[in-house]
Amino acid sequence: MQQAAISLYGTSHGVVTTHLYIRIKPQTEEQLKEISNSEDVFFDYPLDYELIQDGDYYPQPNITENEIPWLYTVVEANFTPPPNFTNYEVLQQLYISDDFALENEALRLTGNPIEQLCGGQELRMPVPCTVDPTGPGCPLEFEGGGGGGTNGGTRPPGRKTPAGFIRVRDTNFNEDMPVRRTRVIARRFLKIDKTYTNDAGYFRCTKSFNNKVTVVVKFRSQNAETTTRALTGARFWQMWFPIKHNIGKFSGTLNNIQYTFLNDLQTGDSKRNLHWWAAQWMNSFYEYKAMATAENIASPPTNTVVLLSTWTSFRGSGSAVMNNHLLFPTVSSILVNYYVASPGAAAQATLMNFLYNGAFMRGIDITLGSDVIWKSDKVKALMYHEITHAAHFTKVGDSWWNNLVAAEIYTIAAQGGNPPNPYGNGTDGAISDIIAITESWAEHIGHWFADAHYGLLSTRQRNQYVDYDNNGIVNGLSSHLNLLEDFSPFRTTDEARWIPYGIHYDMIDDRNDQISLPFRVNVDDAVLNFTNQQLFNAIDNTTNSIGIYRNKLLLQNPLAPNQNTQINSLFTDYGY
């Protein structure tokens, strides 16, 4: 680059080391975790190679399949490796700028192909301010950065600055919705830029690219508010990094890139469907936070890590073990087998041993079985349910949540194998009590928020072996609210009927099931006008059962209309 500056401008003044091209090789999973959580962008292949075809991995010489390989990246010149990283090399000192003429001249001098600038060499750029800050128009035109000031500040991005919209198809609205606060990476050769979409799905890089640039979406939010990982069957080190998707290689005009993630209507365990679920998660996470704020209930913690798996025993299942936030995380083969990867489905002893080892699973908060073809509202109802657990955790804390995890491990093991219901039959005393309050609250909020988001555009839901449609049981209610309103503790075909999914909604609505037509649920629901905030106020780290929840509501009832008799009657009908 210095030689190119002399060739073009007669001086290399200002062409100094701005970045370093490095490689680093983590030795342990803890070091790999540290690398994966950093803001730097790492690749498993040398960046001075041209990528002909994007694949799952690059086979490095003398590196076995599941050995952590060398990872390559470009960092700021003042970068220092993390402590205890012994395998670290600086491969090149770099000067990176948006001066395309300088870049092309450097490529020409080294015998590399170039893209000619319009008009040829006689229309070269003037000496850029990065080379000569005292040149014509400097520093005023250069103020704000980006190739003589053309891309700085709030000005529209230049034609060569990658920008555009990342969207995901919502199958209920039948519209392409913005993918919110998600990382976007642009790279060509040793020039890397990273940014994030905003709430409109819009991203805008700061660097400009004259030649073809590869753009990658990585499902991680800024400051790691949430990260989405995926279960893979080989090269386990890859699972530490967020799910990513190369959306294409672009040239010419770069400031209007458009990409939409579509679901797979044929194969639930395809990569296309995985990426669609990952995009849905990013939106669900921030939708939940906004709705929780409006309802004055808790939000999930920062750095919520979700694992998508296509190898679960029961598709569309979820769990919220919250290991990434627990002081003493629990890694149980029982939970792994049920919620993450069925040994029979995975059929890989090495994968199961990796998961049982614990290092990876200790960094996971939520798991989702994503190998299903569902409409958006059903996917989001599941996601809202699990995020409700994460928000519940922020209120009750470490010890309480460990008790919940232990309870679910017990009930799954007690039933043996892989039962369709992991919660038992409600006869396990304190174990059943803590499950009842936790699962009923998450199911209530999951469907409540799905209704808030989709309303009468919702699709059919199923619970207690009953199908629910919009306007189905109660006219004017979506399928999600019909499911909650029609819940019955007396449907003996439902082995989980002891978990009172409908009791929270019954305290909000003004419809009494016992006197409404058509008669379906023999529950005296005369309680009304409670808010989700009032209900959530009664759920804290001493609320270990539905009975305690009732007692706290009675104590706090002065905040609502005085309905103590009605509350007692409702809970009695539910069996509490």
# chains A, B, ... in the order shown; residues from 1 in each chain; ligands from 1
$ residues_around --residues "Thr267 of chain A" --least-positions-apart "6" --cutoff "8 Å" --atoms "only C-alpha atoms" --output "list in words"
Asn273, Asp371, Val372 and Ile373 of chain A
$ write_last_selection --atoms "C-alpha atoms" --output "tab-separated table (two decimals), in the first residue's frame"
chain	number	residue	atom	x	y	z
A	273	ASN	CA	-35.82	-23.50	8.04
A	371	ASP	CA	-37.39	-29.10	13.09
A	372	VAL	CA	-41.07	-28.33	12.50
A	373	ILE	CA	-42.96	-26.50	9.77
$ residues_around --residues "segment 467-483 of chain A" --least-positions-apart "3" --cutoff "12 Å" --atoms "only C-alpha atoms" --output "number ranges by chain"
A: 377-378, 380-382, 443-464, 486-488, 501-506, 508-509, 511-513, 516-521
$ atom_distance --atom1 "atom CA of Met352 of chain A" --atom2 "atom CA of Phe285 of chain A"
28.7 Å
$ select_by_dssp --residues "segment 297-437 of chain A" --states "alpha helix (DSSP H)" --output "short mmCIF file (atom, residue, chain, number, x, y, z; two decimals) with N, CA and C atoms, in the first residue's frame"
data_model
loop_
_atom_site.label_atom_id
_atom_site.label_comp_id
_atom_site.auth_asym_id
_atom_site.auth_seq_id
_atom_site.Cartn_x
_atom_site.Cartn_y
_atom_site.Cartn_z
N SER A 333 -27.90 -35.39 31.56
CA SER A 333 -28.13 -36.20 30.37
C SER A 333 -29.62 -36.37 30.12
N ILE A 334 -30.43 -36.33 31.18
CA ILE A 334 -31.88 -36.47 31.03
C ILE A 334 -32.46 -35.30 30.24
N LEU A 335 -32.04 -34.07 30.60
CA LEU A 335 -32.52 -32.90 29.88
C LEU A 335 -31.96 -32.84 28.47
N PRO A 343 -30.64 -39.45 21.68
CA PRO A 343 -29.55 -40.34 21.27
C PRO A 343 -29.93 -41.20 20.07
N GLY A 344 -31.18 -41.60 19.98
CA GLY A 344 -31.62 -42.40 18.84
C GLY A 344 -31.67 -41.59 17.57
N ALA A 345 -32.13 -40.32 17.70
CA ALA A 345 -32.22 -39.47 16.51
C ALA A 345 -30.84 -39.02 16.05
N ALA A 346 -29.98 -38.69 17.01
CA ALA A 346 -28.65 -38.20 16.67
C ALA A 346 -27.75 -39.32 16.18
N ALA A 349 -22.50 -41.13 19.13
CA ALA A 349 -22.02 -41.18 20.51
C ALA A 349 -21.10 -40.01 20.81
N THR A 350 -20.29 -39.60 19.83
CA THR A 350 -19.36 -38.50 20.07
C THR A 350 -20.10 -37.20 20.32
N LEU A 351 -21.21 -36.98 19.61
CA LEU A 351 -22.02 -35.77 19.84
C LEU A 351 -22.61 -35.80 21.24
N MET A 352 -23.19 -36.93 21.63
CA MET A 352 -23.82 -37.00 22.94
C MET A 352 -22.79 -36.81 24.05
N ASN A 353 -21.61 -37.38 23.88
CA ASN A 353 -20.55 -37.20 24.88
C ASN A 353 -20.14 -35.74 24.98
N PHE A 354 -20.09 -35.07 23.83
CA PHE A 354 -19.76 -33.64 23.83
C PHE A 354 -20.80 -32.85 24.62
N LEU A 355 -22.07 -33.17 24.42
CA LEU A 355 -23.13 -32.45 25.12
C LEU A 355 -23.14 -32.78 26.61
N TYR A 356 -22.92 -34.07 26.94
CA TYR A 356 -22.89 -34.46 28.36
C TYR A 356 -21.70 -33.86 29.08
N ASN A 357 -20.61 -33.57 28.33
CA ASN A 357 -19.40 -33.01 28.94
C ASN A 357 -19.69 -31.73 29.70
N SER A 376 -45.87 -18.59 11.68
CA SER A 376 -45.09 -17.68 12.51
C SER A 376 -45.67 -17.52 13.91
N ASP A 377 -47.01 -17.44 14.03
CA ASP A 377 -47.57 -17.18 15.35
C ASP A 377 -47.36 -18.35 16.30
N LYS A 378 -47.35 -19.58 15.76
CA LYS A 378 -47.11 -20.74 16.62
C LYS A 378 -45.66 -20.80 17.06
N VAL A 379 -44.75 -20.47 16.14
CA VAL A 379 -43.34 -20.40 16.49
C VAL A 379 -43.12 -19.36 17.58
N LYS A 380 -43.74 -18.20 17.41
CA LYS A 380 -43.53 -17.12 18.38
C LYS A 380 -44.20 -17.41 19.71
N ALA A 381 -45.34 -18.10 19.70
CA ALA A 381 -45.96 -18.46 20.98
C ALA A 381 -45.02 -19.35 21.79
N LEU A 382 -44.34 -20.29 21.11
CA LEU A 382 -43.35 -21.12 21.79
C LEU A 382 -42.18 -20.27 22.29
N MET A 383 -41.69 -19.37 21.45
CA MET A 383 -40.56 -18.52 21.85
C MET A 383 -40.94 -17.59 22.99
N TYR A 384 -42.13 -16.98 22.91
CA TYR A 384 -42.59 -16.11 24.00
C TYR A 384 -42.71 -16.91 25.31
N HIS A 385 -43.17 -18.16 25.20
CA HIS A 385 -43.28 -19.04 26.39
C HIS A 385 -41.92 -19.20 27.05
N GLU A 386 -40.89 -19.52 26.25
CA GLU A 386 -39.57 -19.76 26.84
C GLU A 386 -38.93 -18.46 27.31
N ILE A 387 -39.18 -17.37 26.61
CA ILE A 387 -38.65 -16.08 27.07
C ILE A 387 -39.32 -15.68 28.38
N THR A 388 -40.59 -16.05 28.56
CA THR A 388 -41.26 -15.79 29.84
C THR A 388 -40.53 -16.50 30.97
N HIS A 389 -40.09 -17.73 30.72
CA HIS A 389 -39.28 -18.42 31.73
C HIS A 389 -38.02 -17.62 32.06
N ALA A 390 -37.34 -17.13 31.01
CA ALA A 390 -36.11 -16.37 31.23
C ALA A 390 -36.39 -15.10 32.05
N ALA A 391 -37.51 -14.45 31.75
CA ALA A 391 -37.89 -13.25 32.51
C ALA A 391 -38.26 -13.61 33.95
N HIS A 392 -38.95 -14.74 34.13
CA HIS A 392 -39.29 -15.24 35.46
C HIS A 392 -38.01 -15.48 36.27
N PHE A 393 -37.00 -16.04 35.62
CA PHE A 393 -35.73 -16.29 36.29
C PHE A 393 -35.11 -15.01 36.86
N THR A 394 -35.22 -13.91 36.12
CA THR A 394 -34.61 -12.66 36.60
C THR A 394 -35.25 -12.19 37.91
N LYS A 395 -36.47 -12.64 38.18
CA LYS A 395 -37.16 -12.22 39.41
C LYS A 395 -36.91 -13.18 40.56
N VAL A 396 -36.85 -14.49 40.28
CA VAL A 396 -36.78 -15.46 41.38
C VAL A 396 -35.35 -15.86 41.73
N ASP A 398 -31.27 -17.58 41.37
CA ASP A 398 -30.50 -18.79 41.10
C ASP A 398 -31.04 -20.02 41.83
N SER A 399 -31.19 -19.94 43.13
CA SER A 399 -31.58 -21.09 43.93
C SER A 399 -32.96 -21.60 43.53
N TRP A 400 -33.89 -20.68 43.35
CA TRP A 400 -35.27 -21.04 42.98
C TRP A 400 -35.26 -21.77 41.65
N TRP A 401 -34.49 -21.25 40.69
CA TRP A 401 -34.50 -21.85 39.35
C TRP A 401 -33.84 -23.22 39.35
N ASN A 402 -32.80 -23.39 40.15
CA ASN A 402 -32.20 -24.71 40.27
C ASN A 402 -33.20 -25.73 40.82
N ASN A 403 -34.06 -25.29 41.73
CA ASN A 403 -35.09 -26.19 42.25
C ASN A 403 -36.08 -26.58 41.14
N LEU A 404 -36.41 -25.62 40.28
CA LEU A 404 -37.30 -25.92 39.16
C LEU A 404 -36.66 -26.93 38.20
N VAL A 405 -35.40 -26.69 37.85
CA VAL A 405 -34.70 -27.59 36.93
C VAL A 405 -34.63 -29.00 37.53
N ALA A 406 -34.33 -29.07 38.82
CA ALA A 406 -34.27 -30.38 39.48
C ALA A 406 -35.63 -31.07 39.46
N ALA A 407 -36.70 -30.29 39.61
CA ALA A 407 -38.06 -30.86 39.58
C ALA A 407 -38.36 -31.47 38.22
N GLU A 408 -38.00 -30.78 37.15
CA GLU A 408 -38.30 -31.30 35.82
C GLU A 408 -37.42 -32.50 35.48
N ILE A 409 -36.18 -32.50 35.94
CA ILE A 409 -35.33 -33.68 35.76
C ILE A 409 -35.96 -34.88 36.44
N TYR A 410 -36.48 -34.66 37.64
CA TYR A 410 -37.10 -35.75 38.41
C TYR A 410 -38.32 -36.31 37.66
N THR A 411 -39.20 -35.43 37.18
CA THR A 411 -40.44 -35.92 36.56
C THR A 411 -40.16 -36.65 35.25
N ILE A 412 -39.19 -36.17 34.47
CA ILE A 412 -38.86 -36.86 33.22
C ILE A 412 -38.29 -38.24 33.53
N ALA A 413 -37.37 -38.29 34.51
CA ALA A 413 -36.75 -39.57 34.85
C ALA A 413 -37.77 -40.53 35.47
N ALA A 414 -38.70 -39.99 36.27
CA ALA A 414 -39.66 -40.85 36.95
C ALA A 414 -40.60 -41.55 35.97
N GLN A 415 -40.88 -40.89 34.86
CA GLN A 415 -41.77 -41.49 33.88
C GLN A 415 -41.04 -42.44 32.94
N ALA A 430 -44.17 -31.00 46.27
CA ALA A 430 -43.50 -29.72 46.00
C ALA A 430 -42.94 -29.67 44.59
N ILE A 431 -42.56 -30.83 44.05
CA ILE A 431 -42.04 -30.88 42.67
C ILE A 431 -43.13 -30.46 41.69
N SER A 432 -44.32 -31.01 41.86
CA SER A 432 -45.43 -30.63 40.99
C SER A 432 -45.85 -29.18 41.23
N ASP A 433 -45.77 -28.73 42.47
CA ASP A 433 -46.19 -27.37 42.81
C ASP A 433 -45.38 -26.32 42.04
N ILE A 434 -44.05 -26.47 42.03
CA ILE A 434 -43.21 -25.45 41.39
C ILE A 434 -43.36 -25.51 39.88
N ILE A 435 -43.61 -26.71 39.34
CA ILE A 435 -43.85 -26.84 37.91
C ILE A 435 -45.17 -26.17 37.53
N ALA A 436 -46.20 -26.33 38.34
CA ALA A 436 -47.52 -25.79 38.03
C ALA A 436 -47.49 -24.27 37.91
N ILE A 437 -46.86 -23.60 38.85
CA ILE A 437 -46.85 -22.13 38.80
C ILE A 437 -45.99 -21.64 37.64
#
$ residues_around --residues "segment 205-208 of chain A" --least-positions-apart "5" --cutoff "7 Å" --atoms "only C-alpha atoms" --output "count of residues only"
9
$ residues_around --residues "Val340 of chain A" --least-positions-apart "4" --cutoff "7 Å" --atoms "only C-alpha atoms" --output "list of chain:residue names"
A:Ser309, A:Trp311, A:Thr312, A:Val336, A:Thr367
$ write_last_selection --atoms "N, CA and C atoms" --output "PDB file, in the first residue's frame"
ATOM      1  N   SER A 309     -32.223 -26.809  17.796  1.00  0.00           N
ATOM      2  CA  SER A 309     -31.861 -28.191  17.515  1.00  0.00           C
ATOM      3  C   SER A 309     -32.898 -28.826  16.592  1.00  0.00           C
ATOM      4  N   TRP A 311     -32.730 -32.162  16.252  1.00  0.00           N
ATOM      5  CA  TRP A 311     -32.568 -33.568  16.638  1.00  0.00           C
ATOM      6  C   TRP A 311     -33.307 -33.915  17.927  1.00  0.00           C
ATOM      7  N   THR A 312     -34.284 -33.109  18.316  1.00  0.00           N
ATOM      8  CA  THR A 312     -34.987 -33.384  19.566  1.00  0.00           C
ATOM      9  C   THR A 312     -35.944 -34.560  19.391  1.00  0.00           C
ATOM     10  N   VAL A 336     -30.678 -33.195  28.317  1.00  0.00           N
ATOM     11  CA  VAL A 336     -30.057 -33.204  26.992  1.00  0.00           C
ATOM     12  C   VAL A 336     -30.801 -34.160  26.070  1.00  0.00           C
ATOM     13  N   THR A 367     -33.437 -23.820  24.944  1.00  0.00           N
ATOM     14  CA  THR A 367     -33.355 -24.714  23.787  1.00  0.00           C
ATOM     15  C   THR A 367     -34.698 -24.739  23.074  1.00  0.00           C
TER      16      THR A 367
END
$ residues_around --residues "segment 547-549 of chain A" --least-positions-apart "2" --cutoff "6 Å" --atoms "only C-alpha atoms" --output "ChimeraX atom specification"
/A:538,543,545,551-552,576
$ closest_atom_pairs --of "segment 42-87 of chain A" --to "segment 8-17 of chain A" --cutoff "10 Å" --atoms "only C-alpha atoms" --output "Markdown table"
| residue | atom | partner | partner_atom | distance |
| --- | --- | --- | --- | --- |
| A:Glu76 | CA | A:Thr17 | CA | 9.1 |
| A:Ala77 | CA | A:Thr17 | CA | 6.5 |
| A:Asn78 | CA | A:Thr17 | CA | 9.8 |
$ atom_distance --atom1 "atom CA of Trp374 of chain A" --atom2 "atom CA of Met177 of chain A"
16.8 Å
$ atom_distance --atom1 "atom CA of Arg491 of chain A" --atom2 "atom CA of Thr427 of chain A"
16.8 Å
$ closest_residue --among "A:Asp524, A:Asp56, A:Asp494, A:Glu34" --to "Pro82 of chain A" --atoms "only C-alpha atoms"
A:Glu34
$ closest_residue --among "A:Asn263, A:Thr253, A:Gln348, A:Ser36" --to "Ala234 of chain A" --atoms "only C-alpha atoms"
A:Gln348
$ residues_around --residues "Asn425 of chain A" --least-positions-apart "2" --cutoff "8 Å" --atoms "only C-alpha atoms" --output "list in words"
Tyr423, Thr427, Asp428, Glu495, Ala496 and Trp498 of chain A
$ select_by_dssp --residues "segment 162-221 of chain A" --states "strand (DSSP E)" --output "MDAnalysis selection string"
chainID A and resid 163:170 175:178 183:188 191:196 202:204 213:218
$ residues_around --residues "Arg188 of chain A" --least-positions-apart "6" --cutoff "7 Å" --atoms "only C-alpha atoms" --output "CSV table (one decimal) with N, CA, C and O atoms, in the first residue's frame"
chain,number,residue,atom,x,y,z
A,212,LYS,N,-16.0,-7.0,-5.5
A,212,LYS,CA,-17.1,-7.8,-5.0
A,212,LYS,C,-17.0,-8.0,-3.5
A,212,LYS,O,-15.9,-8.2,-3.0
A,213,VAL,N,-18.1,-7.9,-2.8
A,213,VAL,CA,-18.1,-8.0,-1.3
A,213,VAL,C,-19.1,-9.1,-0.9
A,213,VAL,O,-20.2,-9.2,-1.4
A,214,THR,N,-18.6,-9.9,0.0
A,214,THR,CA,-19.5,-11.0,0.6
A,214,THR,C,-20.2,-10.4,1.8
A,214,THR,O,-19.5,-9.8,2.7
$ closest_residue --among "A:Leu94, A:Leu51, A:Ala341, A:Ile366" --to "Leu190 of chain A" --atoms "only C-alpha atoms"
A:Leu94
